[in-house]
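Read through the structure below, which is laid out as structure tokens, and then see the notes.
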Amino acid sequence: MEHYQTKIADLAQEYPNQSFEQGLSDQQAQQRLAQNGPNKLETKTTPKWILFVRQFNNMITYILLLAMILTLTMGHHTDAIVIALVVIINAIIGYYQEANAADALSKIQQMLATKATVYRQDRRLDIPATDLVVGDVVYLEAGDSVPADLRLVTTANLRIQESALTGESDAVTKTTAELLADKVPLAEQTNMAFTSTAVANGSGLGVVVAVGKDTQIGQISTAIAETKPKLTPLMREINGLGKGVSIAVLIAAACLFVLGLIFDTYSVSVLALAVVTMIVGSVPEGLPATTSVILALGVSDMAKNKKTIVKSLPAVETLGAVDVIATDKTGTLTKNEMTMTDIYTKKDHFTLSGTGYKPQGDLLADGHKTTANQTVQTLLLSGYIANDTELVQENGQFNINGEPTDGAFLTAYHKVFATMSEPEYETIDMLPFDSDYRYIARLVKLPNQTKPQLFIKGSPDKLFTMAKNDPTFDEKYWQQKVAELSSCGKRVVAVGQKTLTSHETTISHDLLNTGIDFLGIVGIIDPPRTEVIETLKTMNQAHVEVKMITGDSPLTASAIGKQLGLAPDIKAITGAQWDTLTPEQKRKAAVENQIFARTTPKNKLEIVKALQQSGKVTAMTGDGVNDAPALKAADIGVAMGIKGTDVARDAADMVLTDDNFATLGQAIKEGRRIYDNIKKSILFLLPTSFAEGLIIFFSIMFNQPMPLQATQMLWINMVSAITIQFAFIFEPAEAGIMQRRPRKTNQAMMNRHDVIQMAYVSVLMAVSALFSYEWLQSLGADAKTASTMMLNIIIISKIFYLFNIRTPKLAFSKEFFGNKKAFYVIFVMLLLQLILTYVPFMQEVFYTEPLTLNEWLAAILCGMFVLVITEIDKFIRLKKQA
């Protein structure tokens, strides 16, 4: 049996005289505390040193460490030191990324109440919340944070704000009666109070039914802890690529070592050093650092210009692969600011323009601006006075202290009366909102009136009963109007008034049931964000589906979905219906439905996982504690920065600083651009590594001295690679990038042509470098000078090759100057090459010598040769595609 199904009489059996105020005995409480442990959540954090050590757990690092040990054993200390520095640099970059992720579980702990008021042994005590046990009777009053999950047994106008847990913006009115249904959504468990929620008003008693990890928020904490860190699609591709290349290099090195021994071309020690040099040259050790640099600067750009903070570097690229976005409704697709849109009186229908709590808008009749007649004025005055909420302005922003529905009346009043002044009245008595009656009333004295006025607003069915004594009241007409507004997903509130005799000074329910003057009804809605509509159009063009997951009713959610243009044909399913499905049916339902209503935190997590199991790269947006497990499980979790809870922000990979769903569309475009540029940088990086390997391979096979040293290869693979890669960071998005389908994550990063191009470019670089090396030595140059020229040929070839890789169009087109910062990067690289070639300290570490002007010209010609061949290849491909 669920806790909300438990009868109060059954709960009372545990206490002396069946009195809840007797509470548990001190002995019972101590026994239960010793048996079940304290009411708190345990969090486990990974030590920083383990995070750092974990960075060395990859194939490329293993190979480099092996190469370092071999070079150190053979006495080449400088080479070993440079290799070690490369390994450490890569580890530091990886550690920085992982250590930056915050711990969502610690934020949940901070949300828990520190004190609780309980009844124990016929005494009312304040105790630490951690000492609560199941069976304790807790007293709640306005302002309290609920310290454990409670089954409520008495309530007095008790209302609890549960938005962080359920996603519902309004405070929930609490009752005590057991709920008989088997599956009641969290948001509808009106006889329960949940840990970390806040008492908005009223008071009550509740019996503790769950503590610690067994509470609803504890289950969320467990779900977060059990959600394994996931590799992004890019990291899976790069790890696979790095592993594949590394294995291929090791196999080639082993074969080469065996061939060297068979042909006896070198002594064993020289052969071993040559093979190590080949490994260092061929393994793309610059790959992790290069990727991190592009991602880091992309992330920095998004934070400055795109109002997006990305906490995990690879997450930004994941956006480019997203094909489903699961999103909360309230505050994400909508403003989370209830707005009055319709006013129905006995004869007229008016609409109000403007959205949110900002009091700017007009009263309209048939789409034209109009002035309020006496009935409308009285209706809005009644709604303003029968109210318990304040509209406040802070830093130019309008917000409310109280209920969103009440806030809609305050804003509407100021719009129609075109004033920020409050109406003048003197309160005589007030009947606060009560869940049993579902209305609020206030008795006031207005200026220049002798008789007091009673104003009331609340549920239409309640006010319809009060208005039946009015001969002009047409219930059938009003029921029809309520149905029309409800079908549009609007909340309907009825408004009335009553003029009393001068001697009446109190309001009673009996008094109201003697009859009221019915003024009309209003339609209120949490309006969709206008920018979201355009964003959804862009998403549709980009073949990205959007799913709405909300705690709201399916009717309201579907109406909002239609207004937003969520999908041409909207299908909805509730959390209760979802719970009855098999795993296979859930996968199908996750794909087919666009709206998931009345969902629990568990439902949200299951929906995200079902989408992922269906092969969808899934982004999840949310702002509440209830969203945290799904945010962490999604391929990329996106939290709101302004209205989002700390727990949601810390569980997410990305935070929108403006709480604007439209920002997500810009972020997806940026993710696709970054992925394109990372792929270009890898296509650019690998041929150089392969060329170095080929140079060593040919040298061993033809019994030639080693033309390149290990440190020179590391310079090419790390320093020059990362420097030139900066050019790709600033490469603009390709035309039509948001009309493409998201890339499939199971497809290889490199297509057939990419592999062919990398192969022939590697051969071109290696052959031209070896030819130049032999040519320069034939002219009498020493090996050191020839080696320096070979190093510069490879670097200059890379620079020319950059112009081919940058754009899918021909290099010498209008796109040539599309990335002006690339030229600054090239200037920096050439400056570094001059330092490498002419500074004595660099000459000593990297075995270089100065070059003559003719030698530089030869290096430039070799680089141009690579560009010409690759551009001819591109020209042929473009002709075939035309």
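Ordering of the structure tokens sets the chain letters (A, B, ...), residue numbers begin anew at 1 in every chain, and ligands are numbered from 1 in the order given.
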Pick out the residues sitting within 8 Å of A:Arg649, and hand them over as a list in words; count only C-alpha atoms, and ignore anything fewer than 6 positions along from it in its own chain.
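My list of contacting residues is Ala104, Asp623, Val638, Ala639, Met640, Gly641 and Val655 of chain A.
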Would you mind exporting the chosen residues as a PDB file, in the first residue's frame, restricted to N, CA and C atoms?
```pdb
ATOM      1  N   ALA A 104      26.108  17.462  -7.800  1.00  0.00           N
ATOM      2  CA  ALA A 104      24.688  17.776  -7.577  1.00  0.00           C
ATOM      3  C   ALA A 104      24.206  17.229  -6.244  1.00  0.00           C
ATOM      4  N   ASP A 623      14.606  22.669 -14.722  1.00  0.00           N
ATOM      5  CA  ASP A 623      15.037  23.627 -13.704  1.00  0.00           C
ATOM      6  C   ASP A 623      14.812  23.153 -12.275  1.00  0.00           C
ATOM      7  N   VAL A 638      20.604  20.214 -19.841  1.00  0.00           N
ATOM      8  CA  VAL A 638      20.613  21.674 -19.966  1.00  0.00           C
ATOM      9  C   VAL A 638      19.718  22.260 -18.867  1.00  0.00           C
ATOM     10  N   ALA A 639      20.299  23.039 -17.958  1.00  0.00           N
ATOM     11  CA  ALA A 639      19.543  23.624 -16.849  1.00  0.00           C
ATOM     12  C   ALA A 639      19.352  25.113 -17.070  1.00  0.00           C
ATOM     13  N   MET A 640      18.332  25.660 -16.404  1.00  0.00           N
ATOM     14  CA  MET A 640      18.066  27.091 -16.465  1.00  0.00           C
ATOM     15  C   MET A 640      18.926  27.805 -15.415  1.00  0.00           C
ATOM     16  N   GLY A 641      19.535  28.909 -15.793  1.00  0.00           N
ATOM     17  CA  GLY A 641      20.466  29.600 -14.906  1.00  0.00           C
ATOM     18  C   GLY A 641      19.817  30.544 -13.926  1.00  0.00           C
ATOM     19  N   VAL A 655      24.335  25.232 -18.829  1.00  0.00           N
ATOM     20  CA  VAL A 655      23.383  26.128 -18.172  1.00  0.00           C
ATOM     21  C   VAL A 655      23.077  27.301 -19.095  1.00  0.00           C
TER      22      VAL A 655
END
```
Select from stretch 567-682 of chain A everything DSSP, run on the backbone, classes as alpha helix (DSSP H), then give the selection as a ChimeraX atom specification.
/A:575-579,583-592,601-613,628-633,646-651,661-682
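Taking atom CA of A:Ala759 and atom CA of A:Gly242 as the two end points, the separation is 16.4 Å.
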Would you kindly return, as an MDAnalysis selection string, each protein, DNA or RNA residue with an atom no farther than 12 Å from any atom of A:Pro687, considering only C-alpha atoms and excluding same-chain residues fewer than 2 positions away?
chainID A and resid 245 281:284 680:685 689:694 716:717 721 754:766 794:795 797:798 801:802 805 866
Which residues are close to stretch 146-160 of chain A, i.e. within 7 Å by only C-alpha atoms, leaving aside same-chain residues fewer than 6 positions away? Reply as a tab-separated table (two decimals) with N, CA, C and O atoms, in the first residue's frame.
```tsv
chain	number	residue	atom	x	y	z
A	3	HIS	N	1.76	5.22	0.73
A	3	HIS	CA	1.54	6.03	1.93
A	3	HIS	C	0.28	6.88	1.83
A	3	HIS	O	-0.42	7.09	2.83
A	4	TYR	N	-0.02	7.39	0.61
A	4	TYR	CA	-1.18	8.26	0.48
A	4	TYR	C	-2.50	7.48	0.60
A	4	TYR	O	-3.56	8.07	0.71
A	8	ILE	N	-6.04	7.54	8.32
A	8	ILE	CA	-5.57	8.24	9.51
A	8	ILE	C	-5.79	7.39	10.76
A	8	ILE	O	-4.95	7.33	11.66
A	112	LEU	N	18.02	20.31	2.47
A	112	LEU	CA	17.29	19.64	3.54
A	112	LEU	C	17.16	20.54	4.76
A	112	LEU	O	18.04	21.33	5.08
A	113	ALA	N	16.02	20.40	5.44
A	113	ALA	CA	15.77	21.18	6.65
A	113	ALA	C	16.79	20.81	7.73
A	113	ALA	O	17.25	19.68	7.81
A	116	ALA	N	13.40	20.44	13.03
A	116	ALA	CA	12.04	19.93	12.89
A	116	ALA	C	11.33	20.07	14.23
A	116	ALA	O	11.93	19.87	15.29
A	129	ALA	N	16.78	17.89	12.34
A	129	ALA	CA	16.02	17.11	11.35
A	129	ALA	C	16.65	15.74	11.11
A	129	ALA	O	15.95	14.79	10.75
A	171	ALA	N	1.35	26.74	-5.44
A	171	ALA	CA	1.40	26.00	-4.18
A	171	ALA	C	0.22	25.02	-4.14
A	171	ALA	O	-0.86	25.32	-4.65
A	172	VAL	N	0.44	23.86	-3.54
A	172	VAL	CA	-0.58	22.81	-3.52
A	172	VAL	C	-1.36	22.88	-2.20
A	172	VAL	O	-0.77	22.93	-1.12
A	173	THR	N	-2.68	22.90	-2.32
A	173	THR	CA	-3.54	22.87	-1.14
A	173	THR	C	-3.60	21.44	-0.62
A	173	THR	O	-3.88	20.50	-1.35
A	174	LYS	N	-3.31	21.29	0.68
A	174	LYS	CA	-3.19	19.96	1.26
A	174	LYS	C	-4.46	19.55	2.03
A	174	LYS	O	-5.12	20.37	2.66
A	175	THR	N	-4.78	18.26	1.94
A	175	THR	CA	-5.92	17.68	2.64
A	175	THR	C	-5.43	16.50	3.46
A	175	THR	O	-4.23	16.19	3.48
A	176	THR	N	-6.35	15.80	4.13
A	176	THR	CA	-5.94	14.66	4.96
A	176	THR	C	-6.55	13.33	4.52
A	176	THR	O	-6.07	12.27	4.93
A	191	ASN	N	-2.44	14.58	0.18
A	191	ASN	CA	-2.36	14.30	1.62
A	191	ASN	C	-0.94	13.98	2.07
A	191	ASN	O	-0.72	13.46	3.16
A	192	MET	N	0.03	14.30	1.21
A	192	MET	CA	1.44	14.07	1.52
A	192	MET	C	2.21	15.39	1.52
A	192	MET	O	1.87	16.32	0.79
A	193	ALA	N	3.26	15.44	2.34
A	193	ALA	CA	4.22	16.55	2.31
A	193	ALA	C	5.60	15.94	2.11
A	193	ALA	O	5.93	14.92	2.73
A	194	PHE	N	6.41	16.55	1.25
A	194	PHE	CA	7.66	15.93	0.84
A	194	PHE	C	8.87	16.74	1.29
A	194	PHE	O	8.84	17.98	1.30
A	195	THR	N	9.92	16.02	1.61
A	195	THR	CA	11.17	16.64	2.05
A	195	THR	C	11.62	17.73	1.09
A	195	THR	O	11.55	17.56	-0.12
A	196	SER	N	12.09	18.84	1.66
A	196	SER	CA	12.69	19.99	0.95
A	196	SER	C	11.67	20.93	0.34
A	196	SER	O	12.04	21.97	-0.18
A	197	THR	N	10.37	20.58	0.37
A	197	THR	CA	9.36	21.53	-0.10
A	197	THR	C	9.08	22.54	1.02
A	197	THR	O	9.45	22.33	2.17
A	198	ALA	N	8.40	23.64	0.68
A	198	ALA	CA	8.24	24.75	1.63
A	198	ALA	C	6.77	25.02	1.91
A	198	ALA	O	5.95	25.04	1.00
A	199	VAL	N	6.46	25.26	3.18
A	199	VAL	CA	5.09	25.58	3.58
A	199	VAL	C	4.81	27.03	3.23
A	199	VAL	O	5.47	27.95	3.75
A	200	ALA	N	3.84	27.25	2.34
A	200	ALA	CA	3.51	28.61	1.90
A	200	ALA	C	2.60	29.31	2.89
A	200	ALA	O	2.79	30.49	3.20
A	201	ASN	N	1.58	28.62	3.38
A	201	ASN	CA	0.72	29.19	4.41
A	201	ASN	C	-0.05	28.08	5.12
A	201	ASN	O	-0.08	26.93	4.68
A	202	GLY	N	-0.65	28.46	6.26
A	202	GLY	CA	-1.39	27.49	7.04
A	202	GLY	C	-0.50	26.65	7.94
A	202	GLY	O	0.69	26.96	8.15
A	203	SER	N	-1.07	25.60	8.50
A	203	SER	CA	-0.33	24.73	9.41
A	203	SER	C	-0.89	23.32	9.31
A	203	SER	O	-1.93	23.09	8.67
A	204	GLY	N	-0.22	22.37	9.95
A	204	GLY	CA	-0.69	21.00	9.92
A	204	GLY	C	0.20	20.06	10.69
A	204	GLY	O	1.29	20.44	11.14
A	205	LEU	N	-0.29	18.83	10.87
A	205	LEU	CA	0.49	17.76	11.48
A	205	LEU	C	0.67	16.64	10.47
A	205	LEU	O	-0.24	16.33	9.70
A	206	GLY	N	1.86	16.04	10.47
A	206	GLY	CA	2.12	14.93	9.56
A	206	GLY	C	2.94	13.86	10.24
A	206	GLY	O	3.82	14.16	11.06
A	207	VAL	N	2.65	12.61	9.91
A	207	VAL	CA	3.40	11.48	10.44
A	207	VAL	C	4.52	11.14	9.46
A	207	VAL	O	4.28	11.00	8.25
A	208	VAL	N	5.74	11.02	9.98
A	208	VAL	CA	6.89	10.69	9.12
A	208	VAL	C	6.71	9.27	8.58
A	208	VAL	O	6.57	8.31	9.35
A	209	VAL	N	6.73	9.14	7.24
A	209	VAL	CA	6.61	7.82	6.61
A	209	VAL	C	7.88	7.42	5.86
A	209	VAL	O	8.03	6.27	5.48
A	210	ALA	N	8.78	8.37	5.65
A	210	ALA	CA	10.05	8.04	4.98
A	210	ALA	C	11.10	9.07	5.38
A	210	ALA	O	10.80	10.27	5.50
A	211	VAL	N	12.32	8.60	5.59
A	211	VAL	CA	13.44	9.49	5.92
A	211	VAL	C	14.62	9.16	5.02
A	211	VAL	O	14.67	8.09	4.40
A	215	THR	N	13.05	8.92	1.09
A	215	THR	CA	12.16	10.02	0.73
A	215	THR	C	12.16	10.22	-0.77
A	215	THR	O	13.02	9.68	-1.49
A	434	ASP	N	-9.32	28.19	0.86
A	434	ASP	CA	-9.37	26.91	1.57
A	434	ASP	C	-9.64	25.82	0.53
A	434	ASP	O	-10.55	25.96	-0.29
```
